[in-house]
$ cat structure-v1.cif   # mmCIF, C-alpha atoms
data_model
loop_
_atom_site.group_PDB
_atom_site.id
_atom_site.type_symbol
_atom_site.label_atom_id
_atom_site.label_comp_id
_atom_site.auth_asym_id
_atom_site.auth_seq_id
_atom_site.Cartn_x
_atom_site.Cartn_y
_atom_site.Cartn_z
ATOM 1 C CA MET A 19 7.225 14.072 12.766
ATOM 2 C CA ILE A 20 6.032 11.266 10.493
ATOM 3 C CA ARG A 21 5.575 11.939 6.805
ATOM 4 C CA PHE A 22 3.302 9.295 5.329
ATOM 5 C CA ALA A 23 3.525 8.161 1.719
ATOM 6 C CA LEU A 24 1.354 5.313 0.524
ATOM 7 C CA VAL A 25 3.248 4.562 -2.600
ATOM 8 C CA PRO A 26 6.658 3.370 -1.614
ATOM 9 C CA LEU A 27 4.782 0.510 -0.003
ATOM 10 C CA LEU A 28 2.618 -0.560 -2.872
ATOM 11 C CA ALA A 29 4.960 0.726 -5.451
ATOM 12 C CA CYS A 30 7.223 -2.012 -5.815
ATOM 13 C CA VAL A 31 4.971 -4.798 -5.263
ATOM 14 C CA LEU A 32 6.154 -5.999 -7.945
ATOM 15 C CA ALA A 33 9.427 -6.533 -9.118
ATOM 16 C CA GLN A 34 7.558 -8.851 -11.354
ATOM 17 C CA PRO A 35 8.086 -9.403 -15.076
ATOM 18 C CA GLU A 36 5.732 -7.586 -17.433
ATOM 19 C CA LYS A 37 4.681 -11.007 -18.756
ATOM 20 C CA ALA A 38 4.284 -14.106 -16.702
ATOM 21 C CA PRO A 39 6.906 -16.836 -17.135
ATOM 22 C CA GLU A 40 5.937 -19.883 -19.158
ATOM 23 C CA SER A 41 5.749 -21.963 -15.990
ATOM 24 C CA PRO A 42 4.732 -19.459 -13.296
ATOM 25 C CA ARG A 43 5.727 -20.132 -9.726
ATOM 26 C CA ALA A 44 3.551 -19.225 -6.767
ATOM 27 C CA ALA A 45 5.712 -16.162 -6.063
ATOM 28 C CA GLU A 46 5.404 -14.989 -9.682
ATOM 29 C CA PRO A 47 1.681 -14.933 -10.467
ATOM 30 C CA ASP A 48 0.339 -13.787 -13.787
ATOM 31 C CA LEU A 49 -0.442 -10.090 -13.295
ATOM 32 C CA ARG A 50 -1.865 -9.544 -16.764
ATOM 33 C CA GLY A 51 -5.510 -8.561 -17.017
ATOM 34 C CA GLY A 52 -8.069 -9.686 -19.563
ATOM 35 C CA ALA A 53 -9.738 -7.628 -22.255
ATOM 36 C CA VAL A 54 -10.585 -3.946 -21.782
ATOM 37 C CA ALA A 55 -13.398 -2.121 -23.567
ATOM 38 C CA PHE A 56 -14.436 1.545 -23.603
ATOM 39 C CA GLU A 57 -18.068 2.639 -23.640
ATOM 40 C CA ALA A 58 -18.262 5.643 -25.980
ATOM 41 C CA SER A 59 -21.467 6.952 -24.395
ATOM 42 C CA THR A 60 -19.910 7.160 -20.896
ATOM 43 C CA PRO A 61 -18.011 10.376 -20.046
ATOM 44 C CA ALA A 62 -14.229 10.068 -19.820
ATOM 45 C CA ALA A 63 -14.143 12.173 -16.632
ATOM 46 C CA LEU A 64 -14.479 10.204 -13.385
ATOM 47 C CA GLU A 65 -16.165 11.080 -10.122
ATOM 48 C CA VAL A 66 -13.214 12.359 -8.077
ATOM 49 C CA LYS A 67 -12.845 13.325 -4.438
ATOM 50 C CA ARG A 68 -9.790 14.935 -2.900
ATOM 51 C CA VAL A 69 -9.258 14.086 0.773
ATOM 52 C CA LYS A 70 -7.459 16.104 3.427
ATOM 53 C CA THR A 71 -4.113 14.432 2.702
ATOM 54 C CA GLY A 72 -4.310 15.629 -0.927
ATOM 55 C CA HIS A 73 -4.883 12.169 -2.414
ATOM 56 C CA LEU A 74 -7.451 11.777 -5.206
ATOM 57 C CA LEU A 75 -10.116 9.093 -4.813
ATOM 58 C CA VAL A 76 -12.313 7.408 -7.433
ATOM 59 C CA LYS A 77 -15.108 4.812 -7.315
ATOM 60 C CA PRO A 78 -14.780 1.670 -9.450
ATOM 61 C CA VAL A 79 -17.400 -1.082 -9.686
ATOM 62 C CA VAL A 80 -15.986 -4.547 -8.949
ATOM 63 C CA ASN A 81 -18.031 -7.589 -10.003
ATOM 64 C CA GLY A 82 -21.094 -5.356 -10.161
ATOM 65 C CA ILE A 83 -20.579 -3.906 -6.661
ATOM 66 C CA SER A 84 -19.263 -0.458 -5.703
ATOM 67 C CA PRO A 85 -17.074 -1.136 -2.638
ATOM 68 C CA GLY A 86 -16.262 2.556 -2.070
ATOM 69 C CA TRP A 87 -13.378 4.943 -2.608
ATOM 70 C CA PHE A 88 -10.066 3.857 -4.180
ATOM 71 C CA ILE A 89 -6.883 5.961 -4.226
ATOM 72 C CA PHE A 90 -5.839 6.781 -7.803
ATOM 73 C CA ASP A 91 -2.128 6.147 -7.585
ATOM 74 C CA THR A 92 0.572 6.246 -10.272
ATOM 75 C CA GLY A 93 2.999 4.807 -7.728
ATOM 76 C CA ALA A 94 1.108 1.539 -7.244
ATOM 77 C CA GLY A 95 2.433 -1.315 -9.358
ATOM 78 C CA ILE A 96 -0.843 -3.209 -9.018
ATOM 79 C CA CYS A 97 -4.470 -2.459 -8.157
ATOM 80 C CA VAL A 98 -5.314 -3.199 -4.533
ATOM 81 C CA ILE A 99 -8.377 -4.284 -2.582
ATOM 82 C CA SER A 100 -8.481 -3.668 1.171
ATOM 83 C CA THR A 101 -8.967 -6.784 3.308
ATOM 84 C CA PRO A 102 -12.386 -5.867 4.804
ATOM 85 C CA HIS A 103 -13.934 -5.748 1.313
ATOM 86 C CA VAL A 104 -12.620 -9.015 -0.116
ATOM 87 C CA LYS A 105 -15.420 -11.247 1.199
ATOM 88 C CA ASP A 106 -18.184 -9.085 -0.298
ATOM 89 C CA LEU A 107 -16.914 -8.993 -3.882
ATOM 90 C CA ASP A 108 -16.917 -12.654 -4.984
ATOM 91 C CA LEU A 109 -13.283 -12.488 -6.080
ATOM 92 C CA LYS A 110 -11.366 -15.466 -7.452
ATOM 93 C CA ASP A 111 -8.398 -16.584 -5.344
ATOM 94 C CA ALA A 112 -5.192 -16.329 -7.407
ATOM 95 C CA GLY A 113 -2.610 -17.316 -4.785
ATOM 96 C CA PRO A 114 0.248 -15.554 -2.970
ATOM 97 C CA ILE A 115 2.279 -12.617 -4.239
ATOM 98 C CA ASP A 116 5.548 -11.115 -3.015
ATOM 99 C CA ALA A 117 5.432 -7.402 -2.210
ATOM 100 C CA SER A 118 8.184 -4.991 -1.270
ATOM 101 C CA GLY A 119 8.077 -1.466 0.062
ATOM 102 C CA VAL A 120 9.472 0.800 2.749
ATOM 103 C CA GLY A 121 9.730 -1.909 5.376
ATOM 104 C CA GLY A 122 11.133 -4.588 3.094
ATOM 105 C CA HIS A 123 9.317 -7.656 1.768
ATOM 106 C CA ALA A 124 5.949 -9.207 2.612
ATOM 107 C CA LYS A 125 3.885 -12.147 1.394
ATOM 108 C CA LEU A 126 0.419 -10.945 0.389
ATOM 109 C CA HIS A 127 -2.491 -12.424 -1.554
ATOM 110 C CA LEU A 128 -3.735 -11.974 -5.109
ATOM 111 C CA TYR A 129 -7.326 -12.125 -6.346
ATOM 112 C CA ARG A 130 -8.985 -11.644 -9.722
ATOM 113 C CA ALA A 131 -12.235 -9.802 -10.429
ATOM 114 C CA ARG A 132 -14.442 -10.983 -13.301
ATOM 115 C CA THR A 133 -14.983 -7.330 -14.169
ATOM 116 C CA MET A 134 -13.903 -3.957 -12.875
ATOM 117 C CA THR A 135 -15.449 -0.823 -14.353
ATOM 118 C CA LEU A 136 -14.043 2.670 -13.901
ATOM 119 C CA GLY A 137 -15.727 5.451 -15.858
ATOM 120 C CA PRO A 138 -15.877 4.444 -19.533
ATOM 121 C CA ALA A 139 -13.424 1.532 -19.138
ATOM 122 C CA LYS A 140 -14.428 -2.053 -18.334
ATOM 123 C CA PHE A 141 -11.625 -4.454 -17.414
ATOM 124 C CA GLU A 142 -12.111 -8.227 -17.463
ATOM 125 C CA ASP A 143 -10.281 -10.805 -15.330
ATOM 126 C CA HIS A 144 -8.611 -7.979 -13.419
ATOM 127 C CA PRO A 145 -5.882 -8.685 -10.788
ATOM 128 C CA LEU A 146 -6.210 -7.148 -7.320
ATOM 129 C CA MET A 147 -3.720 -7.537 -4.500
ATOM 130 C CA GLU A 148 -5.137 -7.768 -0.969
ATOM 131 C CA THR A 149 -3.742 -5.687 1.855
ATOM 132 C CA ASP A 150 -5.452 -4.046 4.812
ATOM 133 C CA LEU A 151 -5.822 -0.301 4.215
ATOM 134 C CA SER A 152 -8.035 0.313 7.261
ATOM 135 C CA PHE A 153 -5.315 2.412 8.916
ATOM 136 C CA LEU A 154 -5.808 5.065 6.205
ATOM 137 C CA SER A 155 -9.324 6.031 7.318
ATOM 138 C CA PRO A 156 -8.343 8.426 10.132
ATOM 139 C CA LEU A 157 -5.571 9.915 7.983
ATOM 140 C CA MET A 158 -7.798 10.607 4.996
ATOM 141 C CA GLY A 159 -11.197 11.070 6.577
ATOM 142 C CA GLU A 160 -12.707 8.381 4.324
ATOM 143 C CA GLU A 161 -12.756 4.614 4.347
ATOM 144 C CA ILE A 162 -10.369 3.419 1.644
ATOM 145 C CA ALA A 163 -11.524 0.275 -0.159
ATOM 146 C CA GLY A 164 -8.577 -0.058 -2.506
ATOM 147 C CA VAL A 165 -6.059 1.478 -4.878
ATOM 148 C CA ILE A 166 -6.155 2.014 -8.653
ATOM 149 C CA GLY A 167 -2.673 1.430 -10.076
ATOM 150 C CA TYR A 168 -0.768 -0.046 -12.973
ATOM 151 C CA GLY A 169 -3.443 -2.533 -14.056
ATOM 152 C CA VAL A 170 -5.725 0.362 -15.060
ATOM 153 C CA LEU A 171 -3.175 2.993 -16.063
ATOM 154 C CA SER A 172 -1.364 0.631 -18.434
ATOM 155 C CA ARG A 173 -4.553 0.002 -20.441
ATOM 156 C CA CYS A 174 -5.617 3.576 -21.234
ATOM 157 C CA ILE A 175 -4.577 7.207 -21.551
ATOM 158 C CA ALA A 176 -5.100 8.965 -18.217
ATOM 159 C CA GLU A 177 -5.423 12.714 -17.794
ATOM 160 C CA MET A 178 -4.840 14.001 -14.245
ATOM 161 C CA ASP A 179 -5.277 17.524 -12.943
ATOM 162 C CA LEU A 180 -4.287 17.356 -9.291
ATOM 163 C CA ALA A 181 -5.346 20.929 -8.532
ATOM 164 C CA THR A 182 -8.910 20.984 -9.893
ATOM 165 C CA PRO A 183 -9.093 17.951 -9.267
ATOM 166 C CA ARG A 184 -9.963 15.992 -12.430
ATOM 167 C CA ILE A 185 -9.176 12.502 -13.763
ATOM 168 C CA ALA A 186 -10.295 11.246 -17.187
ATOM 169 C CA LEU A 187 -9.660 7.884 -18.875
ATOM 170 C CA HIS A 188 -9.424 7.546 -22.656
ATOM 171 C CA ASP A 189 -9.022 4.696 -25.127
ATOM 172 C CA ARG A 190 -5.483 4.728 -26.551
ATOM 173 C CA ASP A 191 -6.880 4.096 -30.016
ATOM 174 C CA GLY A 192 -7.588 7.434 -31.636
ATOM 175 C CA TYR A 193 -6.372 9.604 -28.748
ATOM 176 C CA THR A 194 -4.762 12.921 -29.735
ATOM 177 C CA LEU A 195 -2.845 15.107 -27.316
ATOM 178 C CA PRO A 196 -4.917 18.319 -27.011
ATOM 179 C CA ARG A 197 -1.841 20.595 -26.867
ATOM 180 C CA GLY A 198 1.808 20.549 -25.911
ATOM 181 C CA GLU A 199 4.106 17.632 -26.647
ATOM 182 C CA TRP A 200 5.062 14.248 -25.275
ATOM 183 C CA SER A 201 8.095 13.672 -23.037
ATOM 184 C CA GLU A 202 9.746 10.396 -22.084
ATOM 185 C CA LEU A 203 8.139 8.278 -19.386
ATOM 186 C CA VAL A 204 10.545 5.716 -17.933
ATOM 187 C CA MET A 205 8.719 2.546 -16.866
ATOM 188 C CA GLN A 206 10.561 0.440 -14.293
ATOM 189 C CA GLN A 207 8.947 -2.436 -12.397
ATOM 190 C CA ARG A 208 5.481 -1.227 -13.429
ATOM 191 C CA ILE A 209 6.085 2.238 -11.945
ATOM 192 C CA PRO A 210 6.464 5.420 -14.052
ATOM 193 C CA SER A 211 9.491 7.635 -13.576
ATOM 194 C CA VAL A 212 10.480 10.964 -15.129
ATOM 195 C CA ARG A 213 13.669 12.938 -15.540
ATOM 196 C CA ALA A 214 14.057 16.117 -13.527
ATOM 197 C CA SER A 215 16.771 18.516 -12.380
ATOM 198 C CA PHE A 216 17.492 20.343 -9.140
ATOM 199 C CA GLU A 217 20.294 22.490 -7.754
ATOM 200 C CA GLY A 218 22.548 21.597 -10.706
ATOM 201 C CA HIS A 219 21.896 17.834 -10.636
ATOM 202 C CA ASP A 220 19.893 15.611 -12.999
ATOM 203 C CA GLY A 221 17.995 12.565 -11.771
ATOM 204 C CA VAL A 222 15.253 10.018 -12.365
ATOM 205 C CA PHE A 223 12.275 10.223 -10.018
ATOM 206 C CA ARG A 224 9.308 7.954 -9.441
ATOM 207 C CA LEU A 225 6.032 9.695 -10.295
ATOM 208 C CA ASP A 226 4.007 9.214 -7.165
ATOM 209 C CA THR A 227 0.501 10.687 -6.962
ATOM 210 C CA GLY A 228 -0.080 8.443 -3.946
ATOM 211 C CA SER A 229 2.202 10.735 -1.919
ATOM 212 C CA ASP A 230 1.138 14.194 -0.770
ATOM 213 C CA ALA A 231 4.781 15.377 -0.631
ATOM 214 C CA PHE A 232 6.754 17.573 -3.019
ATOM 215 C CA VAL A 233 9.905 15.497 -3.478
ATOM 216 C CA THR A 234 11.587 12.738 -1.454
ATOM 217 C CA PHE A 235 15.179 11.670 -2.127
ATOM 218 C CA HIS A 236 16.317 8.052 -1.763
ATOM 219 C CA GLU A 237 19.197 7.365 0.607
ATOM 220 C CA PRO A 238 21.751 6.564 -2.172
ATOM 221 C CA ALA A 239 21.012 9.916 -3.851
ATOM 222 C CA VAL A 240 21.318 11.755 -0.536
ATOM 223 C CA LYS A 241 24.763 10.236 -0.073
ATOM 224 C CA ARG A 242 25.936 10.600 -3.687
ATOM 225 C CA TRP A 243 25.149 14.305 -3.865
ATOM 226 C CA ASN A 244 25.788 15.159 -0.169
ATOM 227 C CA LEU A 245 22.308 16.654 -0.022
ATOM 228 C CA LEU A 246 22.342 17.231 3.737
ATOM 229 C CA GLU A 247 25.628 19.116 3.785
ATOM 230 C CA GLY A 248 25.067 22.716 4.874
ATOM 231 C CA ARG A 249 21.268 22.335 4.729
ATOM 232 C CA ASP A 250 18.963 23.292 7.592
ATOM 233 C CA VAL A 251 16.939 20.125 8.289
ATOM 234 C CA LYS A 252 14.809 18.486 10.954
ATOM 235 C CA SER A 253 14.289 14.805 11.729
ATOM 236 C CA ILE A 254 11.231 12.965 10.393
ATOM 237 C CA LYS A 255 10.072 9.422 9.722
ATOM 238 C CA LEU A 256 9.079 8.245 6.262
ATOM 239 C CA GLY A 257 6.821 5.278 5.772
ATOM 240 C CA GLY A 258 3.465 3.641 6.094
ATOM 241 C CA VAL A 259 2.201 0.112 5.515
ATOM 242 C CA GLY A 260 5.583 -1.590 5.321
ATOM 243 C CA GLY A 261 7.300 0.199 8.155
ATOM 244 C CA PHE A 262 9.251 3.393 8.718
ATOM 245 C CA VAL A 263 12.537 4.870 7.578
ATOM 246 C CA LYS A 264 14.521 7.609 9.297
ATOM 247 C CA GLY A 265 14.689 10.834 7.327
ATOM 248 C CA LYS A 266 15.322 14.552 7.326
ATOM 249 C CA GLU A 267 13.213 17.403 5.980
ATOM 250 C CA GLY A 268 14.425 20.697 4.566
ATOM 251 C CA ILE A 269 14.285 23.042 1.581
ATOM 252 C CA ILE A 270 15.999 22.683 -1.800
ATOM 253 C CA GLU A 271 16.654 25.882 -3.731
ATOM 254 C CA TRP A 272 14.909 24.778 -6.922
ATOM 255 C CA PHE A 273 13.467 21.753 -8.689
ATOM 256 C CA GLU A 274 12.534 21.626 -12.388
ATOM 257 C CA ILE A 275 10.151 19.207 -14.058
ATOM 258 C CA GLY A 276 8.138 19.507 -17.267
ATOM 259 C CA GLY A 277 9.851 22.790 -18.150
ATOM 260 C CA VAL A 278 8.673 24.489 -14.934
ATOM 261 C CA ARG A 279 11.158 25.483 -12.234
ATOM 262 C CA GLN A 280 9.767 25.714 -8.713
ATOM 263 C CA GLU A 281 11.743 27.655 -6.098
ATOM 264 C CA LYS A 282 12.285 26.886 -2.409
ATOM 265 C CA VAL A 283 10.781 23.394 -2.542
ATOM 266 C CA LYS A 284 10.089 21.345 0.583
ATOM 267 C CA ALA A 285 12.017 18.066 0.371
ATOM 268 C CA SER A 286 12.437 14.900 2.408
ATOM 269 C CA PHE A 287 15.702 12.966 2.549
ATOM 270 C CA ALA A 288 15.858 9.268 3.480
ATOM 271 C CA ILE A 289 18.893 8.477 5.633
ATOM 272 C CA GLU A 290 18.419 4.695 5.860
ATOM 273 C CA PRO A 291 18.983 2.440 2.799
ATOM 274 C CA LYS A 292 15.830 0.508 3.605
ATOM 275 C CA GLY A 293 13.114 -0.869 1.280
ATOM 276 C CA SER A 294 12.193 1.302 -1.682
ATOM 277 C CA TYR A 295 14.014 4.295 -0.155
ATOM 278 C CA GLY A 296 17.258 2.356 -0.577
ATOM 279 C CA GLU A 297 16.848 1.982 -4.355
ATOM 280 C CA SER A 298 19.701 3.395 -6.424
ATOM 281 C CA SER A 299 18.031 2.881 -9.835
ATOM 282 C CA LYS A 300 15.865 5.938 -9.056
ATOM 283 C CA ASP A 301 16.839 9.047 -7.142
ATOM 284 C CA GLY A 302 13.555 9.673 -5.369
ATOM 285 C CA ASN A 303 9.821 10.281 -5.579
ATOM 286 C CA ILE A 304 7.919 13.253 -6.938
ATOM 287 C CA GLY A 305 4.638 13.639 -5.079
ATOM 288 C CA ALA A 306 1.312 15.252 -5.850
ATOM 289 C CA ALA A 307 2.234 18.634 -4.346
ATOM 290 C CA MET A 308 4.971 19.088 -6.979
ATOM 291 C CA LEU A 309 2.615 18.208 -9.833
ATOM 292 C CA LYS A 310 -0.161 20.743 -9.269
ATOM 293 C CA PRO A 311 1.113 23.229 -11.900
ATOM 294 C CA PHE A 312 0.271 20.645 -14.592
ATOM 295 C CA THR A 313 -2.390 18.568 -16.175
ATOM 296 C CA LEU A 314 -0.581 15.255 -16.611
ATOM 297 C CA VAL A 315 -1.316 13.015 -19.598
ATOM 298 C CA LEU A 316 -0.008 9.494 -18.991
ATOM 299 C CA ASP A 317 0.550 6.882 -21.700
ATOM 300 C CA TYR A 318 2.243 3.944 -19.981
ATOM 301 C CA THR A 319 2.219 1.678 -23.037
ATOM 302 C CA GLY A 320 3.811 4.304 -25.271
ATOM 303 C CA ASN A 321 6.290 5.400 -22.563
ATOM 304 C CA HIS A 322 4.978 8.962 -22.897
ATOM 305 C CA ILE A 323 3.965 11.730 -20.535
ATOM 306 C CA ALA A 324 2.800 15.265 -21.296
ATOM 307 C CA PHE A 325 3.120 18.070 -18.755
ATOM 308 C CA LEU A 326 0.400 20.498 -19.832
ATOM 309 C CA LYS A 327 1.007 23.747 -17.977
ATOM 310 C CA ARG A 328 -1.946 25.132 -16.095
ATOM 311 C CA ASP A 329 -2.771 28.798 -15.597
ATOM 312 C CA PRO A 330 -0.719 29.667 -12.453
ATOM 313 C CA ALA A 331 -3.626 31.740 -11.147
ATOM 314 C CA ALA A 332 -5.826 28.641 -11.269
ATOM 315 C CA THR A 333 -3.401 26.276 -9.517
ATOM 316 C CA ASP A 334 -4.591 25.188 -6.090
ATOM 317 C CA LYS A 335 -1.927 26.209 -3.570
ATOM 318 C CA ARG A 336 -3.036 23.802 -0.836
#
$ encode --input "structure-v1.cif" --output "structure tokens"
Amino acid sequence: MIRFALVPLLACVLAQPEKAPESPRAAEPDLRGGAVAFEASTPAALEVKRVKTGHLLVKPVVNGISPGWFIFDTGAGICVISTPHVKDLDLKDAGPIDASGVGGHAKLHLYRARTMTLGPAKFEDHPLMETDLSFLSPLMGEEIAGVIGYGVLSRCIAEMDLATPRIALHDRDGYTLPRGEWSELVMQQRIPSVRASFEGHDGVFRLDTGSDAFVTFHEPAVKRWNLLEGRDVKSIKLGGVGGFVKGKEGIIEWFEIGGVRQEKVKASFAIEPKGSYGESSKDGNIGAAMLKPFTLVLDYTGNHIAFLKRDPAATDKR
């Protein structure tokens, strides 16, 4: 069995500094975007489509053209444009970029869009990394033109309800949390992580709406906590664009995030210290399936996240 997760591949593109060095090298391009403006008359809620894998898709406009559906992905450290769409969008060549993911490292290409508009937000001089996402079409049932990641999420407040589904973008200036309270969001290498607990352990997990899984444990965490000992598991492969990693799949007794404990949770366990699954700075990934009990409110710049509990009767169980 192969369990596919988009994010560990795009996620770490990007062990790049938050600000470009004074004398940038080709391998360290400037990933900062230009100005962003919000149109008050445009609704905050985006057009959203959920595909059969569970991923949420949105439609940005790039240089005045709508290239199609983009995955809305908290696990992507940069926005992405799929190779077949590059030639149609009049993008500015910005040179090579180093990317890392499940399969290790790759040399990819960076472009910049004069404008990219998503809902009420208009981003100028916006960076987009090129990679071919054509292989996703049969998996998702839609052609995927790109990925919305850090470059958008770091410039706004994003509300995500993965069960409804609903995504809304808000200007940080003047935003007030509608209810509940903020929790800490740990930003590492342009990827958000949160603290969670399970079976008596505490860990830090990448927040990965680009994965349809519940939770996936990195190989160092599997070893440190002996997570396979005495557990009924089967063999799987974890991976996607960058390659594959050997893994196991089983059930953990409970996992708690955002004050909600979920019982008998399906989990994947990497057993190779390869690519992003070999990282020890984080213990694993929390995927979209684990996040459906909540409306998430993400404030990357303020290092905040709110887990707004949904009515359990309204939560989509798919």
$ residues_around --input "structure-v1.cif" --residues "Ser215 in chain A" --least-positions-apart "3" --cutoff "7 Å" --atoms "all atoms listed in the file" --output "list in words"
Gly218, His219, Asp220, Gly221, Phe273, Glu274 and Ile275 of chain A
$ residues_around --input "structure-v1.cif" --residues "Val283 in chain A" --least-positions-apart "4" --cutoff "7 Å" --atoms "all atoms listed in the file" --output "PyMOL selection string"
chain A and resi 269-273
$ write_last_selection --input "structure-v1.cif" --atoms "C-alpha atoms" --output "short mmCIF file (atom, residue, chain, number, x, y, z; two decimals), in the coordinates of the input"
data_model
loop_
_atom_site.label_atom_id
_atom_site.label_comp_id
_atom_site.auth_asym_id
_atom_site.auth_seq_id
_atom_site.Cartn_x
_atom_site.Cartn_y
_atom_site.Cartn_z
CA ILE A 269 14.28 23.04 1.58
CA ILE A 270 16.00 22.68 -1.80
CA GLU A 271 16.65 25.88 -3.73
CA TRP A 272 14.91 24.78 -6.92
CA PHE A 273 13.47 21.75 -8.69
#
$ residues_near_point --input "structure-v1.cif" --point "(-16.2, 9.1, -7.4)" --cutoff "9 Å" --atoms "all atoms listed in the file" --output "PyMOL selection string"
chain A and resi 64-67+75-78+86-88
$ atom_distance --input "structure-v1.cif" --atom1 "CA of Lys284 in chain A" --atom2 "CA of Met178 in chain A"
22.3 Å
$ residues_around --input "structure-v1.cif" --residues "range 199-209 of chain A" --least-positions-apart "5" --cutoff "6 Å" --atoms "all atoms listed in the file" --output "PDB file with C-alpha atoms, in the coordinates of the input"
ATOM      1  CA  ALA A  33       9.427  -6.533  -9.118  1.00  0.00           C
ATOM      2  CA  GLY A  93       2.999   4.807  -7.728  1.00  0.00           C
ATOM      3  CA  GLY A  95       2.433  -1.315  -9.358  1.00  0.00           C
ATOM      4  CA  ASN A 321       6.290   5.400 -22.563  1.00  0.00           C
ATOM      5  CA  HIS A 322       4.978   8.962 -22.897  1.00  0.00           C
ATOM      6  CA  ILE A 323       3.965  11.730 -20.535  1.00  0.00           C
ATOM      7  CA  ALA A 324       2.800  15.265 -21.296  1.00  0.00           C
TER       8      ALA A 324
END
$ closest_residue --input "structure-v1.cif" --among "A:Met147, A:Leu225, A:Ala53, A:Ala94" --to "Asp116 in chain A" --atoms "only C-alpha atoms"
A:Met147
$ residues_around --input "structure-v1.cif" --residues "Ala307 in chain A" --least-positions-apart "2" --cutoff "6 Å" --atoms "only C-alpha atoms" --output "list in words"
Asp230, Ala231, Phe232, Gly305, Leu309 and Lys310 of chain A
$ closest_residue --input "structure-v1.cif" --among "A:Glu160, A:Glu281, A:Asp108, A:Glu57" --to "Phe141 in chain A" --atoms "all atoms listed in the file"
A:Glu57
$ atom_distance --input "structure-v1.cif" --atom1 "CA of Ala63 in chain A" --atom2 "CA of His103 in chain A"
25.4 Å
$ residues_around --input "structure-v1.cif" --residues "Leu246 in chain A" --least-positions-apart "6" --cutoff "9 Å" --atoms "all atoms listed in the file" --output "list in words"
Val240, Lys266, Gly268 and Phe287 of chain A
$ closest_residue --input "structure-v1.cif" --among "A:Ser286, A:Thr92, A:Gln280, A:Ser299" --to "Lys264 in chain A" --atoms "all atoms listed in the file"
A:Ser286
$ atom_distance --input "structure-v1.cif" --atom1 "CA of Ile254 in chain A" --atom2 "CA of Gly159 in chain A"
22.8 Å
$ resolve_selection --input "structure-v1.cif" --expression "the PyMOL selection byres ((chain A and resi 187) around 10)" --output "VMD selection string"
chain A and resid 56 61 to 64 136 to 139 170 to 171 173 to 178 185 to 186 188 to 190 315 to 316
$ closest_residue --input "structure-v1.cif" --among "A:Leu109, A:Ala131, A:Val222, A:Ala288" --to "Ser253 in chain A" --atoms "all atoms listed in the file"
A:Ala288
$ resolve_selection --input "structure-v1.cif" --expression "the PyMOL selection byres ((chain A and resi 295) around 8)" --output "number ranges by chain"
A: 26, 120, 235-237, 263, 288, 290-294, 296-297, 302
$ resolve_selection --input "structure-v1.cif" --expression "the PyMOL selection byres ((chain A and resi 161) around 10)" --output "list in words"
Gly86, Trp87, Phe88, Ser100, Leu151, Ser152, Phe153, Leu154, Ser155, Pro156, Leu157, Met158, Gly159, Glu160, Ile162, Ala163 and Gly164 of chain A
